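Student: Just query-v8.cif, nothing more (mmCIF, N, CA and C atoms):
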data_my_file
loop_
_atom_site.label_atom_id
_atom_site.label_comp_id
_atom_site.auth_asym_id
_atom_site.auth_seq_id
_atom_site.Cartn_x
_atom_site.Cartn_y
_atom_site.Cartn_z
N MET A 1 47.35 106.17 65.60
CA MET A 1 47.69 104.96 66.29
C MET A 1 49.05 105.18 66.98
N ASN A 2 49.06 105.00 68.23
CA ASN A 2 50.25 105.17 69.04
C ASN A 2 50.89 103.81 69.28
N ARG A 3 52.15 103.68 68.91
CA ARG A 3 52.83 102.40 69.06
C ARG A 3 53.91 102.53 70.12
N LYS A 4 53.92 101.61 71.09
CA LYS A 4 54.93 101.64 72.13
C LYS A 4 56.12 100.81 71.68
N THR A 5 57.30 101.32 71.94
CA THR A 5 58.50 100.56 71.59
C THR A 5 58.88 99.67 72.77
N ALA A 6 59.42 98.54 72.43
CA ALA A 6 59.84 97.60 73.47
C ALA A 6 61.12 98.10 74.13
N PRO A 7 61.25 97.95 75.45
CA PRO A 7 62.44 98.45 76.13
C PRO A 7 63.70 97.58 75.89
N ALA A 8 63.54 96.37 75.43
CA ALA A 8 64.67 95.46 75.25
C ALA A 8 65.71 96.00 74.27
N PRO A 9 65.34 96.48 73.08
CA PRO A 9 66.37 97.02 72.18
C PRO A 9 67.09 98.24 72.75
N LEU A 10 66.35 99.08 73.46
CA LEU A 10 66.97 100.25 74.08
C LEU A 10 67.96 99.84 75.16
N ILE A 11 67.60 98.89 75.97
CA ILE A 11 68.49 98.38 77.02
C ILE A 11 69.73 97.75 76.40
N ALA A 12 69.54 97.00 75.32
CA ALA A 12 70.68 96.36 74.64
C ALA A 12 71.63 97.42 74.07
N LEU A 13 71.10 98.47 73.49
CA LEU A 13 71.92 99.53 72.93
C LEU A 13 72.72 100.25 74.02
N VAL A 14 72.08 100.61 75.11
CA VAL A 14 72.76 101.29 76.21
C VAL A 14 73.83 100.38 76.81
N SER A 15 73.54 99.09 76.98
CA SER A 15 74.53 98.14 77.51
C SER A 15 75.73 98.03 76.59
N PHE A 16 75.49 97.99 75.29
CA PHE A 16 76.59 97.91 74.33
C PHE A 16 77.48 99.15 74.42
N ILE A 17 76.87 100.32 74.50
CA ILE A 17 77.65 101.56 74.58
C ILE A 17 78.48 101.59 75.86
N VAL A 18 77.90 101.19 76.97
CA VAL A 18 78.63 101.18 78.24
C VAL A 18 79.80 100.21 78.18
N LEU A 19 79.59 99.02 77.65
CA LEU A 19 80.66 98.03 77.54
C LEU A 19 81.74 98.49 76.57
N PHE A 20 81.35 99.13 75.48
CA PHE A 20 82.32 99.61 74.49
C PHE A 20 83.20 100.70 75.09
N ILE A 21 82.62 101.68 75.73
CA ILE A 21 83.38 102.77 76.33
C ILE A 21 84.23 102.24 77.49
N GLY A 22 83.72 101.32 78.25
CA GLY A 22 84.44 100.76 79.39
C GLY A 22 85.63 99.90 79.00
N SER A 23 85.71 99.49 77.73
CA SER A 23 86.82 98.64 77.31
C SER A 23 88.09 99.43 76.99
N PHE A 24 88.02 100.76 76.91
CA PHE A 24 89.20 101.56 76.64
C PHE A 24 90.05 101.66 77.91
N PRO A 25 91.36 101.56 77.75
CA PRO A 25 92.21 101.67 78.95
C PRO A 25 92.19 103.09 79.50
N ILE A 26 92.21 103.17 80.79
CA ILE A 26 92.23 104.45 81.47
C ILE A 26 93.61 104.63 82.06
N PRO A 27 94.30 105.72 81.74
CA PRO A 27 95.62 105.91 82.33
C PRO A 27 95.51 106.02 83.84
N ALA A 28 96.32 105.28 84.53
CA ALA A 28 96.26 105.27 85.99
C ALA A 28 97.66 105.15 86.53
N PHE A 29 97.78 105.33 87.80
CA PHE A 29 99.06 105.18 88.46
C PHE A 29 99.18 103.76 88.97
N ASP A 30 100.27 103.12 88.65
CA ASP A 30 100.58 101.81 89.19
C ASP A 30 101.75 101.99 90.14
N VAL A 31 101.60 101.51 91.36
CA VAL A 31 102.69 101.58 92.31
C VAL A 31 103.43 100.26 92.26
N VAL A 32 104.74 100.32 92.02
CA VAL A 32 105.55 99.12 91.92
C VAL A 32 106.75 99.23 92.85
N THR A 33 107.30 98.07 93.20
CA THR A 33 108.52 98.00 93.99
C THR A 33 109.55 97.26 93.17
N ILE A 34 110.72 97.86 93.01
CA ILE A 34 111.80 97.18 92.29
C ILE A 34 113.02 97.09 93.21
N PHE A 35 113.81 96.08 92.97
CA PHE A 35 115.08 95.92 93.65
C PHE A 35 116.15 96.00 92.58
N GLY A 36 117.13 96.86 92.76
CA GLY A 36 118.17 97.00 91.76
C GLY A 36 119.40 97.66 92.31
N GLU A 37 120.47 97.58 91.53
CA GLU A 37 121.74 98.17 91.91
C GLU A 37 121.97 99.43 91.08
N VAL A 38 122.46 100.48 91.73
CA VAL A 38 122.73 101.75 91.05
C VAL A 38 124.09 101.66 90.38
N SER A 39 124.12 101.98 89.08
CA SER A 39 125.39 101.95 88.34
C SER A 39 125.89 103.37 88.12
N ASP A 40 127.15 103.49 87.72
CA ASP A 40 127.73 104.81 87.46
C ASP A 40 127.27 105.39 86.13
N ALA A 41 126.46 104.66 85.38
CA ALA A 41 125.94 105.14 84.10
C ALA A 41 124.53 105.72 84.25
N ASN A 42 124.21 106.22 85.46
CA ASN A 42 122.88 106.78 85.76
C ASN A 42 121.75 105.78 85.49
N GLN A 43 121.93 104.56 85.96
CA GLN A 43 120.92 103.52 85.77
C GLN A 43 120.72 102.75 87.07
N ILE A 44 119.50 102.23 87.22
CA ILE A 44 119.21 101.26 88.26
C ILE A 44 118.98 99.95 87.53
N ILE A 45 119.82 98.97 87.81
CA ILE A 45 119.76 97.70 87.10
C ILE A 45 119.11 96.68 88.01
N SER A 46 117.93 96.20 87.60
CA SER A 46 117.24 95.17 88.36
C SER A 46 117.42 93.84 87.64
N ASP A 47 116.81 92.80 88.17
CA ASP A 47 116.93 91.48 87.57
C ASP A 47 116.30 91.42 86.18
N ARG A 48 115.28 92.23 85.95
CA ARG A 48 114.52 92.13 84.70
C ARG A 48 114.73 93.30 83.75
N GLU A 49 114.98 94.49 84.28
CA GLU A 49 115.05 95.67 83.42
C GLU A 49 116.13 96.63 83.87
N ILE A 50 116.44 97.58 83.00
CA ILE A 50 117.35 98.66 83.31
C ILE A 50 116.53 99.94 83.30
N TYR A 51 116.62 100.69 84.39
CA TYR A 51 115.87 101.93 84.53
C TYR A 51 116.85 103.10 84.45
N GLU A 52 116.59 104.03 83.56
CA GLU A 52 117.43 105.21 83.41
C GLU A 52 117.06 106.21 84.50
N VAL A 53 118.07 106.75 85.17
CA VAL A 53 117.86 107.80 86.17
C VAL A 53 117.92 109.14 85.44
N ASP A 54 116.95 109.99 85.70
CA ASP A 54 116.87 111.28 85.02
C ASP A 54 118.11 112.12 85.29
N ASP A 55 118.57 112.81 84.26
CA ASP A 55 119.77 113.65 84.37
C ASP A 55 119.38 115.00 84.97
N THR A 56 119.06 114.98 86.25
CA THR A 56 118.70 116.18 87.00
C THR A 56 119.58 116.22 88.25
N PRO A 57 119.61 117.33 88.95
CA PRO A 57 120.39 117.35 90.19
C PRO A 57 119.97 116.26 91.17
N GLN A 58 118.67 115.99 91.27
CA GLN A 58 118.19 114.95 92.18
C GLN A 58 118.64 113.57 91.70
N GLY A 59 118.55 113.33 90.40
CA GLY A 59 118.97 112.04 89.85
C GLY A 59 120.46 111.82 89.98
N ASN A 60 121.23 112.86 89.69
CA ASN A 60 122.68 112.75 89.81
C ASN A 60 123.09 112.56 91.27
N GLY A 61 122.38 113.23 92.18
CA GLY A 61 122.65 113.05 93.61
C GLY A 61 122.35 111.63 94.06
N LEU A 62 121.27 111.05 93.53
CA LEU A 62 120.93 109.67 93.87
C LEU A 62 122.04 108.73 93.43
N VAL A 63 122.56 108.94 92.24
CA VAL A 63 123.63 108.07 91.73
C VAL A 63 124.89 108.22 92.58
N LYS A 64 125.25 109.46 92.93
CA LYS A 64 126.46 109.68 93.73
C LYS A 64 126.35 109.04 95.11
N ILE A 65 125.20 109.16 95.73
CA ILE A 65 125.02 108.65 97.09
C ILE A 65 124.93 107.12 97.11
N TYR A 66 124.22 106.54 96.16
CA TYR A 66 123.90 105.11 96.22
C TYR A 66 124.63 104.25 95.19
N ILE A 67 125.68 104.76 94.56
CA ILE A 67 126.37 103.99 93.52
C ILE A 67 126.87 102.66 94.10
N SER A 68 126.67 101.61 93.35
CA SER A 68 127.06 100.23 93.69
C SER A 68 126.31 99.66 94.89
N LYS A 69 125.24 100.30 95.31
CA LYS A 69 124.43 99.77 96.40
C LYS A 69 123.13 99.21 95.83
N ARG A 70 122.60 98.22 96.53
CA ARG A 70 121.33 97.62 96.13
C ARG A 70 120.21 98.36 96.84
N LEU A 71 119.21 98.77 96.07
CA LEU A 71 118.11 99.56 96.61
C LEU A 71 116.78 98.85 96.45
N LYS A 72 115.88 99.15 97.36
CA LYS A 72 114.47 98.82 97.21
C LYS A 72 113.80 100.15 96.90
N VAL A 73 113.20 100.25 95.71
CA VAL A 73 112.60 101.51 95.27
C VAL A 73 111.10 101.30 95.08
N ILE A 74 110.32 102.14 95.74
CA ILE A 74 108.86 102.12 95.56
C ILE A 74 108.54 103.34 94.72
N GLU A 75 107.84 103.11 93.61
CA GLU A 75 107.60 104.20 92.67
C GLU A 75 106.24 104.08 92.01
N LYS A 76 105.76 105.23 91.54
CA LYS A 76 104.53 105.27 90.76
C LYS A 76 104.92 105.34 89.30
N ILE A 77 104.24 104.57 88.47
CA ILE A 77 104.48 104.62 87.03
C ILE A 77 103.39 105.49 86.41
N ILE A 78 103.83 106.51 85.68
CA ILE A 78 102.92 107.40 84.98
C ILE A 78 103.22 107.23 83.49
N ILE A 79 102.18 107.02 82.70
CA ILE A 79 102.38 106.85 81.26
C ILE A 79 101.96 108.14 80.57
N GLU A 80 102.92 108.77 79.89
CA GLU A 80 102.67 110.01 79.15
C GLU A 80 103.24 109.89 77.76
N GLY A 81 102.42 110.01 76.77
CA GLY A 81 102.89 109.97 75.38
C GLY A 81 103.63 108.71 75.03
N GLY A 82 103.23 107.58 75.58
CA GLY A 82 103.87 106.31 75.28
C GLY A 82 105.14 106.06 76.09
N MET A 83 105.52 107.00 76.95
CA MET A 83 106.72 106.82 77.78
C MET A 83 106.31 106.48 79.20
N ARG A 84 107.07 105.59 79.83
CA ARG A 84 106.84 105.27 81.23
C ARG A 84 107.73 106.18 82.08
N ILE A 85 107.11 106.95 82.93
CA ILE A 85 107.84 107.85 83.82
C ILE A 85 107.68 107.32 85.23
N PHE A 86 108.81 107.19 85.93
CA PHE A 86 108.80 106.63 87.27
C PHE A 86 108.96 107.76 88.28
N ASP A 87 108.03 107.88 89.18
CA ASP A 87 108.07 108.88 90.24
C ASP A 87 108.37 108.14 91.54
N VAL A 88 109.60 108.26 92.01
CA VAL A 88 110.02 107.53 93.21
C VAL A 88 109.34 108.12 94.43
N THR A 89 108.69 107.25 95.20
CA THR A 89 108.01 107.70 96.41
C THR A 89 108.81 107.31 97.66
N ALA A 90 109.60 106.25 97.58
CA ALA A 90 110.43 105.84 98.72
C ALA A 90 111.55 104.95 98.22
N LEU A 91 112.68 104.99 98.93
CA LEU A 91 113.78 104.07 98.60
C LEU A 91 114.56 103.77 99.86
N GLU A 92 115.15 102.59 99.88
CA GLU A 92 115.98 102.20 101.01
C GLU A 92 117.06 101.25 100.52
N VAL A 93 118.19 101.26 101.21
CA VAL A 93 119.30 100.37 100.89
C VAL A 93 119.01 99.00 101.49
N VAL A 94 119.22 97.96 100.69
CA VAL A 94 119.02 96.58 101.19
C VAL A 94 120.32 95.81 101.05
N GLU A 95 120.45 94.77 101.82
CA GLU A 95 121.65 93.93 101.75
C GLU A 95 121.64 93.13 100.46
N LYS A 96 122.81 92.89 99.90
CA LYS A 96 122.94 92.15 98.64
C LYS A 96 122.69 90.69 98.82
#
Now, as a test, write the supplied structure out as structure tokens.
Tutor:
Amino acid sequence: MNRKTAPAPLIALVSFIVLFIGSFPIPAFDVVTIFGEVSDANQIISDREIYEVDDTPQGNGLVKIYISKRLKVIEKIIIEGGMRIFDVTALEVVEK
């Protein structure tokens, strides 16, 4: 005797698996724009947060050039190992 299985339980199982796997966060790049002032402590201070500037020649050069100036910074946020890393894609000086 050959018994056919109903497709409904199989469809429900596949749908559950797809929804379950789809609920996990996928690391992605978020592009954000911040406005902040560059301090002499290697930081960009915005209205909401303080962003540390990396202690590299490029970061130190940014601080020297733009210290005490207000910047508009467009950056990509990359999340690695629970840390937010900001990759600056563009910046410009704005009036205070």
Student: Please identify all polymer residues lying at most 5 Å from the point (119.7, 109.1, 84.7) (file coordinates), using all atoms listed in the file, and present the result as a list in words.
Tutor: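 The residues near that point, listed by chain and number, are Asn42, Glu52, Val53, Asp54 and Asp55 of chain A.
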Student: Within stretch 27-93 of chain A, find each residue whose DSSP state, derived from the backbone, is strand (DSSP E), and express the selection as a ChimeraX atom specification.
Tutor: /A:30-39,43-46,50-52,70-80,83-93
Student: Selected by the PyMOL selection byres ((chain A and resi 38) around 7) in the shown coordinates: which residues, as a list in words?
Tutor: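 Expected selection for the PyMOL selection byres ((chain A and resi 38) around 7) here is Gly36, Glu37, Ser39, Asp40, Ala41, Asn42, Gln43, Ile44, Ile45, Val63, Tyr66, Ile67, Ser68, Lys69, Arg70 and Leu71 of chain A.
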Student: Between atom N of A:Ala90 and atom CA of A:Ile77, what distance in Å does the model show, to one decimal?
Tutor: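 Distance reported for this atom pair: 11.8 Å.
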Student: Which of chain A end up as alpha helix (DSSP H) when DSSP is run on this backbone - answer as a PyMOL selection string?
Tutor: chain A and resi 7-22+57-66
Student: Please indicate the distance in Å from atom C of A:Asp47 to atom C of A:Phe35, rounded to one decimal place.
Tutor: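 Calculated distance between atom C of A:Asp47 and atom C of A:Phe35 is 7.9 Å.
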Student: From the set A:Gly61, A:Thr33, A:Leu13, A:Tyr51, which residue has the shortest atom-to-atom contact distance to A:Arg84, counting only C-alpha atoms?
Tutor: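 For A:Arg84, the nearest of the candidates is A:Tyr51.
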Student: State, in Å with one decimal place, the distance from atom N of A:Ile74 to atom CA of A:Ser46.
Tutor: 12.3 Å
Student: Tell me which of A:Leu19, A:Ile78, A:Ile34, A:Val73 sits closest to A:Val93, counting only C-alpha atoms.
Tutor: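 Once distances to A:Val93 are computed over only C-alpha atoms, the minimum belongs to A:Val73.
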Student: Between A:Ala12, A:Ile79, A:Asn60, A:Lys72, single out the one closest to A:Glu92, counting all atoms listed in the file.
Tutor: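 Nearest candidate to A:Glu92 out of A:Ala12, A:Ile79, A:Asn60, A:Lys72: A:Lys72.
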Student: If you take every atom of stretch 41-47 of chain A that the file lists and fit an axis-aligned box around them with 5 Å extra on each side, what centre and edge lengths come out in Å to one decimal, as JSON?
Tutor:
{"center_x": 121.4, "center_y": 99.1, "center_z": 86.2, "size_x": 20.2, "size_y": 25.4, "size_z": 14.3}
Student: Select stretch 29-89 of chain A in the preceding structure and write C-alpha atoms to a file as a PDB file, in the first residue's frame.
Tutor:
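Output (selection.pdb):
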ATOM      1  CA  PHE A  29      27.703  48.252   5.865  1.00  0.00           C
ATOM      2  CA  ASP A  30      25.692  51.189   7.118  1.00  0.00           C
ATOM      3  CA  VAL A  31      26.572  54.546   5.636  1.00  0.00           C
ATOM      4  CA  VAL A  32      26.092  57.370   8.129  1.00  0.00           C
ATOM      5  CA  THR A  33      26.728  61.101   8.204  1.00  0.00           C
ATOM      6  CA  ILE A  34      27.894  62.758  11.402  1.00  0.00           C
ATOM      7  CA  PHE A  35      28.606  66.356  12.253  1.00  0.00           C
ATOM      8  CA  GLY A  36      31.256  66.935  14.880  1.00  0.00           C
ATOM      9  CA  GLU A  37      34.193  68.990  16.032  1.00  0.00           C
ATOM     10  CA  VAL A  38      37.747  67.627  15.988  1.00  0.00           C
ATOM     11  CA  SER A  39      39.455  67.815  19.386  1.00  0.00           C
ATOM     12  CA  ASP A  40      43.158  67.690  20.229  1.00  0.00           C
ATOM     13  CA  ALA A  41      42.554  64.370  22.031  1.00  0.00           C
ATOM     14  CA  ASN A  42      42.190  62.499  18.684  1.00  0.00           C
ATOM     15  CA  GLN A  43      38.389  62.562  18.860  1.00  0.00           C
ATOM     16  CA  ILE A  44      35.491  63.796  16.790  1.00  0.00           C
ATOM     17  CA  ILE A  45      32.858  65.054  19.196  1.00  0.00           C
ATOM     18  CA  SER A  46      29.316  65.131  17.836  1.00  0.00           C
ATOM     19  CA  ASP A  47      26.087  66.057  19.585  1.00  0.00           C
ATOM     20  CA  ARG A  48      25.402  62.457  20.584  1.00  0.00           C
ATOM     21  CA  GLU A  49      28.685  60.544  20.679  1.00  0.00           C
ATOM     22  CA  ILE A  50      32.451  60.783  20.843  1.00  0.00           C
ATOM     23  CA  TYR A  51      34.333  59.040  18.051  1.00  0.00           C
ATOM     24  CA  GLU A  52      37.959  58.058  18.584  1.00  0.00           C
ATOM     25  CA  VAL A  53      40.276  58.812  15.659  1.00  0.00           C
ATOM     26  CA  ASP A  54      42.672  55.956  14.962  1.00  0.00           C
ATOM     27  CA  ASP A  55      46.265  56.561  16.050  1.00  0.00           C
ATOM     28  CA  THR A  56      47.715  56.239  12.547  1.00  0.00           C
ATOM     29  CA  PRO A  57      49.528  58.738  10.341  1.00  0.00           C
ATOM     30  CA  GLN A  58      46.250  59.402   8.497  1.00  0.00           C
ATOM     31  CA  GLY A  59      44.316  59.867  11.741  1.00  0.00           C
ATOM     32  CA  ASN A  60      46.948  62.106  13.270  1.00  0.00           C
ATOM     33  CA  GLY A  61      47.067  64.137  10.055  1.00  0.00           C
ATOM     34  CA  LEU A  62      43.288  64.567  10.181  1.00  0.00           C
ATOM     35  CA  VAL A  63      43.501  65.893  13.728  1.00  0.00           C
ATOM     36  CA  LYS A  64      46.336  68.308  12.874  1.00  0.00           C
ATOM     37  CA  ILE A  65      44.581  69.700   9.804  1.00  0.00           C
ATOM     38  CA  TYR A  66      41.038  69.962  11.184  1.00  0.00           C
ATOM     39  CA  ILE A  67      41.546  70.598  14.921  1.00  0.00           C
ATOM     40  CA  SER A  68      38.773  72.809  16.376  1.00  0.00           C
ATOM     41  CA  LYS A  69      36.864  72.742  13.081  1.00  0.00           C
ATOM     42  CA  ARG A  70      33.375  71.377  12.584  1.00  0.00           C
ATOM     43  CA  LEU A  71      33.209  68.578  10.028  1.00  0.00           C
ATOM     44  CA  LYS A  72      30.581  66.730   8.085  1.00  0.00           C
ATOM     45  CA  VAL A  73      31.859  63.145   7.889  1.00  0.00           C
ATOM     46  CA  ILE A  74      30.313  60.457   5.693  1.00  0.00           C
ATOM     47  CA  GLU A  75      31.440  57.016   6.757  1.00  0.00           C
ATOM     48  CA  LYS A  76      30.713  53.325   6.524  1.00  0.00           C
ATOM     49  CA  ILE A  77      30.251  51.420   9.765  1.00  0.00           C
ATOM     50  CA  ILE A  78      31.781  47.957   9.776  1.00  0.00           C
ATOM     51  CA  ILE A  79      31.142  45.678  12.744  1.00  0.00           C
ATOM     52  CA  GLU A  80      34.002  43.294  13.534  1.00  0.00           C
ATOM     53  CA  GLY A  81      34.203  41.287  16.723  1.00  0.00           C
ATOM     54  CA  GLY A  82      31.683  43.504  18.505  1.00  0.00           C
ATOM     55  CA  MET A  83      33.602  46.685  17.627  1.00  0.00           C
ATOM     56  CA  ARG A  84      32.265  49.435  15.382  1.00  0.00           C
ATOM     57  CA  ILE A  85      34.891  50.498  12.871  1.00  0.00           C
ATOM     58  CA  PHE A  86      34.294  53.679  10.911  1.00  0.00           C
ATOM     59  CA  ASP A  87      35.686  53.914   7.390  1.00  0.00           C
ATOM     60  CA  VAL A  88      35.535  57.561   6.335  1.00  0.00           C
ATOM     61  CA  THR A  89      34.476  57.943   2.716  1.00  0.00           C
TER      62      THR A  89
END
